$ cat coords-v7.txt   # compact mmCIF, C-alpha atoms
# COMPACT_ATOMS: atom_id res chain seq x y z
CA MET A 1 -36.60 -113.28 3.61
CA PRO A 2 -34.11 -114.13 0.82
CA THR A 3 -30.60 -115.22 1.77
CA LEU A 4 -27.43 -113.54 0.50
CA PRO A 5 -26.61 -116.19 -2.15
CA THR A 6 -30.02 -115.75 -3.75
CA ILE A 7 -29.66 -111.96 -3.76
CA LEU A 8 -26.26 -111.97 -5.49
CA SER A 9 -26.31 -112.45 -9.20
CA THR A 10 -24.33 -115.19 -10.86
CA ARG A 11 -21.91 -112.61 -12.22
CA THR A 12 -21.34 -111.07 -8.77
CA ARG A 13 -20.68 -114.49 -7.27
CA LEU A 14 -18.19 -115.23 -10.05
CA VAL A 15 -16.39 -111.93 -9.38
CA VAL A 16 -16.21 -112.63 -5.62
CA ILE A 17 -14.91 -116.18 -6.17
CA THR A 18 -12.32 -115.00 -8.71
CA ALA A 19 -11.11 -112.17 -6.45
CA THR A 20 -10.80 -114.56 -3.50
CA LEU A 21 -8.86 -117.09 -5.58
CA LEU A 22 -6.50 -114.43 -6.98
CA THR A 23 -5.85 -112.99 -3.52
CA THR A 24 -5.10 -116.45 -2.12
CA LEU A 25 -2.74 -117.32 -4.97
CA THR A 26 -0.98 -113.97 -4.66
CA LEU A 27 -0.39 -114.45 -0.92
CA ILE A 28 0.93 -117.98 -1.42
CA ASN A 29 3.30 -116.83 -4.17
CA LEU A 30 4.56 -113.98 -1.97
CA GLN A 31 5.40 -116.49 0.78
CA ILE A 32 7.19 -118.74 -1.71
CA THR A 33 9.17 -115.80 -3.11
CA THR A 34 10.16 -114.70 0.41
CA LYS A 35 11.39 -118.20 1.32
CA GLN A 36 13.31 -118.51 -1.97
CA ARG A 37 14.99 -115.16 -1.33
CA ILE A 38 16.06 -116.31 2.15
CA ILE A 39 17.49 -119.53 0.67
CA THR A 40 19.50 -117.72 -2.02
CA GLU A 41 20.54 -114.58 -0.10
CA GLY A 42 20.41 -115.63 3.56
CA THR A 43 23.33 -116.40 5.84
CA THR A 44 24.01 -120.06 6.57
CA ILE A 45 24.01 -120.98 10.24
CA LEU A 46 24.14 -124.41 11.86
CA LEU A 47 21.91 -125.24 14.80
CA GLU A 48 22.99 -128.19 16.89
CA LEU A 49 20.34 -130.87 17.13
CA ALA A 50 19.33 -132.11 20.57
CA PRO A 51 19.83 -135.77 21.45
CA ARG A 52 17.03 -138.03 20.39
CA ASP A 53 16.22 -141.72 20.39
CA PRO A 54 17.50 -143.16 17.10
CA ARG A 55 14.81 -145.84 17.17
CA SER A 56 12.13 -143.18 16.78
CA LEU A 57 14.21 -140.86 14.61
CA LEU A 58 12.46 -141.75 11.38
CA GLN A 59 8.74 -141.55 11.13
CA GLY A 60 7.50 -142.18 7.63
CA ASP A 61 8.97 -139.68 5.22
CA TYR A 62 10.31 -137.17 7.72
CA MET A 63 12.57 -136.78 10.73
CA ALA A 64 11.37 -134.84 13.75
CA LEU A 65 13.98 -132.26 14.82
CA ARG A 66 14.70 -130.62 18.15
CA TYR A 67 17.40 -127.98 18.55
CA ALA A 68 19.81 -128.05 21.49
CA MET A 69 19.59 -124.26 21.85
CA ALA A 70 15.80 -124.35 22.37
CA ASP A 71 16.01 -124.87 26.15
CA GLU A 72 18.37 -121.91 26.54
CA VAL A 73 16.07 -119.73 24.43
CA ALA A 74 13.04 -120.82 26.51
CA LYS A 75 14.76 -119.76 29.73
CA ALA A 76 15.93 -116.44 28.26
CA ALA A 77 12.47 -115.72 26.81
CA GLU A 78 10.80 -116.48 30.13
CA ALA A 79 13.24 -114.19 31.95
CA ALA A 80 12.55 -111.45 29.40
CA GLY A 81 8.79 -112.01 29.58
CA VAL A 82 8.36 -112.66 25.85
CA SER A 83 6.92 -115.54 23.86
CA ASP A 84 7.85 -114.43 20.33
CA GLY A 85 10.81 -112.46 19.14
CA ARG A 86 14.35 -112.71 17.92
CA ILE A 87 17.52 -113.93 19.49
CA VAL A 88 21.04 -112.79 18.78
CA VAL A 89 23.37 -115.62 17.82
CA GLU A 90 27.08 -115.63 17.15
CA LEU A 91 28.71 -118.08 14.76
CA ASP A 92 31.90 -119.99 15.42
CA GLU A 93 34.46 -120.83 12.72
CA ASN A 94 32.23 -123.70 11.53
CA GLU A 95 29.07 -121.55 11.32
CA VAL A 96 27.57 -123.18 14.44
CA ALA A 97 25.27 -120.71 16.20
CA ARG A 98 25.60 -119.89 19.90
CA LEU A 99 22.95 -117.94 21.80
CA ILE A 100 24.03 -114.48 22.93
CA SER A 101 20.76 -112.92 24.11
CA ILE A 102 17.17 -112.06 23.38
CA HIS A 103 17.24 -109.19 20.89
CA ASP A 104 15.88 -105.96 22.32
CA GLY A 105 16.77 -103.66 19.45
CA GLU A 106 20.46 -103.20 20.19
CA PRO A 107 22.83 -103.08 17.18
CA LEU A 108 24.42 -106.39 16.27
CA GLY A 109 28.13 -106.97 16.73
CA ASN A 110 30.45 -108.41 14.12
CA GLY A 111 29.57 -112.01 13.33
CA GLN A 112 26.20 -111.76 15.05
CA HIS A 113 22.88 -112.60 13.43
CA LEU A 114 19.20 -112.53 14.33
CA LEU A 115 17.06 -115.66 14.50
CA GLN A 116 13.30 -115.58 15.04
CA PHE A 117 11.74 -117.80 17.69
CA ARG A 118 8.28 -118.69 18.94
CA LYS A 119 7.68 -120.02 22.44
CA ARG A 120 4.51 -122.01 23.08
CA GLY A 121 4.31 -123.44 26.57
CA GLU A 122 7.68 -125.03 27.27
CA SER A 123 8.43 -125.58 23.57
CA VAL A 124 10.51 -123.17 21.48
CA ARG A 125 10.54 -123.21 17.70
CA LEU A 126 13.65 -121.77 16.04
CA ALA A 127 13.27 -123.16 12.53
CA SER A 128 11.38 -126.03 10.97
CA ASP A 129 10.96 -128.92 13.38
CA ALA A 130 10.83 -131.55 10.64
CA TRP A 131 13.10 -132.62 7.80
CA PHE A 132 11.20 -134.21 4.92
CA PHE A 133 12.91 -136.62 2.54
CA GLU A 134 12.15 -139.06 -0.20
CA GLU A 135 10.68 -142.36 0.96
CA GLY A 136 13.34 -145.00 1.49
CA THR A 137 16.23 -142.53 1.92
CA GLY A 138 15.90 -141.97 5.68
CA SER A 139 18.99 -143.97 6.63
CA GLN A 140 21.30 -141.35 5.11
CA TYR A 141 20.12 -138.80 7.71
CA ARG A 142 20.73 -140.89 10.85
CA ASP A 143 24.09 -139.18 11.52
CA ALA A 144 22.56 -135.69 11.57
CA LYS A 145 24.15 -133.49 14.22
CA TYR A 146 23.27 -130.02 12.86
CA GLY A 147 20.36 -128.42 11.08
CA GLU A 148 21.57 -126.17 8.26
CA VAL A 149 19.45 -123.02 8.29
CA ARG A 150 19.47 -119.94 6.09
CA VAL A 151 18.48 -116.72 7.85
CA SER A 152 17.56 -113.32 6.50
CA GLU A 153 18.74 -110.08 8.07
CA ASP A 154 15.51 -109.83 10.07
CA GLY A 155 15.92 -113.37 11.45
CA ALA A 156 13.45 -115.32 9.28
CA ALA A 157 14.78 -118.87 8.90
CA VAL A 158 14.47 -121.68 6.37
CA LEU A 159 15.83 -125.16 7.09
CA THR A 160 17.88 -126.14 4.02
CA GLY A 161 19.68 -129.30 5.06
CA LEU A 162 21.26 -131.49 7.69
CA ARG A 163 24.95 -131.98 8.50
CA THR A 164 27.10 -134.48 10.35
CA ALA A 165 29.30 -133.83 13.38
CA THR A 166 32.12 -133.09 10.88
CA TYR A 167 29.88 -130.55 9.08
CA LYS A 168 29.40 -132.72 5.98
CA GLN A 169 26.09 -132.19 4.19
CA LEU A 170 23.76 -135.17 4.31
CA GLY A 171 21.58 -136.37 1.45
CA THR A 172 21.22 -134.84 -1.96
CA ILE A 173 20.33 -131.20 -2.40

$ encode --input "coords-v7.txt" --output "structure tokens"
Amino acid sequence: MPTLPTILSTRTRLVVITATLLTTLTLINLQITTKQRIITEGTTILLELAPRDPRSLLQGDYMALRYAMADEVAKAAEAAGVSDGRIVVELDENEVARLISIHDGEPLGNGQHLLQFRKRGESVRLASDAWFFEEGTGSQYRDAKYGEVRVSEDGAAVLTGLRTATYKQLGTI
């Protein structure tokens, strides 16, 4: 019995390969466009970074991040019986986010924003958990106290930078 590849003509295989490649490239470009839109149009919020051991802060060309709010979100998500969703955060005068609640569809108040989260086991992911930088420039990020995140209206987040305890941007953007 002949197999599928021997049944398909060379032209048919070429059409299938081309369609697959175009679909893949289209999906990748849509994701890039969405992230770029969040960066240019999203609201800036600061997420406090959780304490970490400075001796293991830098690993190659990136810094592993953990957000202080993650434990609060994990407890709230467990109480609400959800593993994925959005939280409502409120910003202080310095744009630092504070957890208000798990979002259950209620309208947002003034100064409140949505932020997507994913809970896997005990770990909660609010935004990117790694900050990548050029090799040899890691020392300029050692004073990081906040992750600078841009969020869209629906809560999608993109990590755009790191800031010090005095809210100064670190590194070159």

$ closest_atom_pairs --input "coords-v7.txt" --of "segment 55-85 of chain A" --to "segment 111-124 of chain A" --cutoff "12 Å" --atoms "only C-alpha atoms" --output "Markdown table"
| residue | atom | partner | partner_atom | distance |
| --- | --- | --- | --- | --- |
| A:Leu65 | CA | A:Val124 | CA | 11.8 |
| A:Arg66 | CA | A:Val124 | CA | 9.2 |
| A:Tyr67 | CA | A:Val124 | CA | 8.9 |
| A:Ala68 | CA | A:Val124 | CA | 10.5 |
| A:Met69 | CA | A:Val124 | CA | 9.2 |
| A:Ala70 | CA | A:Val124 | CA | 5.5 |
| A:Asp71 | CA | A:Val124 | CA | 7.4 |
| A:Glu72 | CA | A:Val124 | CA | 9.4 |
| A:Val73 | CA | A:Val124 | CA | 7.2 |
| A:Ala74 | CA | A:Val124 | CA | 6.1 |
| A:Lys75 | CA | A:Glu122 | CA | 9.2 |
| A:Ala76 | CA | A:Lys119 | CA | 10.7 |
| A:Ala77 | CA | A:Lys119 | CA | 7.8 |
| A:Glu78 | CA | A:Lys119 | CA | 9.0 |
| A:Gly81 | CA | A:Lys119 | CA | 10.8 |
| A:Val82 | CA | A:Lys119 | CA | 8.1 |
| A:Ser83 | CA | A:Lys119 | CA | 4.8 |
| A:Asp84 | CA | A:Arg118 | CA | 4.5 |
| A:Gly85 | CA | A:Phe117 | CA | 5.6 |

$ closest_residue --input "coords-v7.txt" --among "A:Asp61, A:Ile32, A:Leu46, A:Thr164" --to "Leu99 of chain A" --atoms "all atoms listed in the file"
A:Leu46

$ residues_near_point --input "coords-v7.txt" --point "(15.5, -122.0, 9.9)" --cutoff "12 Å" --atoms "only C-alpha atoms" --output "JSON, numbers by chain"
{"A": [35, 38, 39, 42, 43, 44, 45, 46, 47, 48, 65, 66, 67, 97, 114, 115, 116, 117, 125, 126, 127, 128, 129, 130, 131, 146, 147, 148, 149, 150, 151, 152, 155, 156, 157, 158, 159, 160, 161, 162]}

$ atom_distance --input "coords-v7.txt" --atom1 "atom CA of Leu49 of chain A" --atom2 "atom CA of Val88 of chain A"
18.2 Å

$ atom_distance --input "coords-v7.txt" --atom1 "atom CA of Leu91 of chain A" --atom2 "atom CA of Gly109 of chain A"
11.3 Å

$ atom_distance --input "coords-v7.txt" --atom1 "atom CA of Asp143 of chain A" --atom2 "atom CA of Thr40 of chain A"
25.8 Å

$ residues_around --input "coords-v7.txt" --residues "Arg163 of chain A" --least-positions-apart "2" --cutoff "6 Å" --atoms "only C-alpha atoms" --output "JSON, numbers by chain"
{"A": [144, 145, 146, 167, 168, 169, 170]}
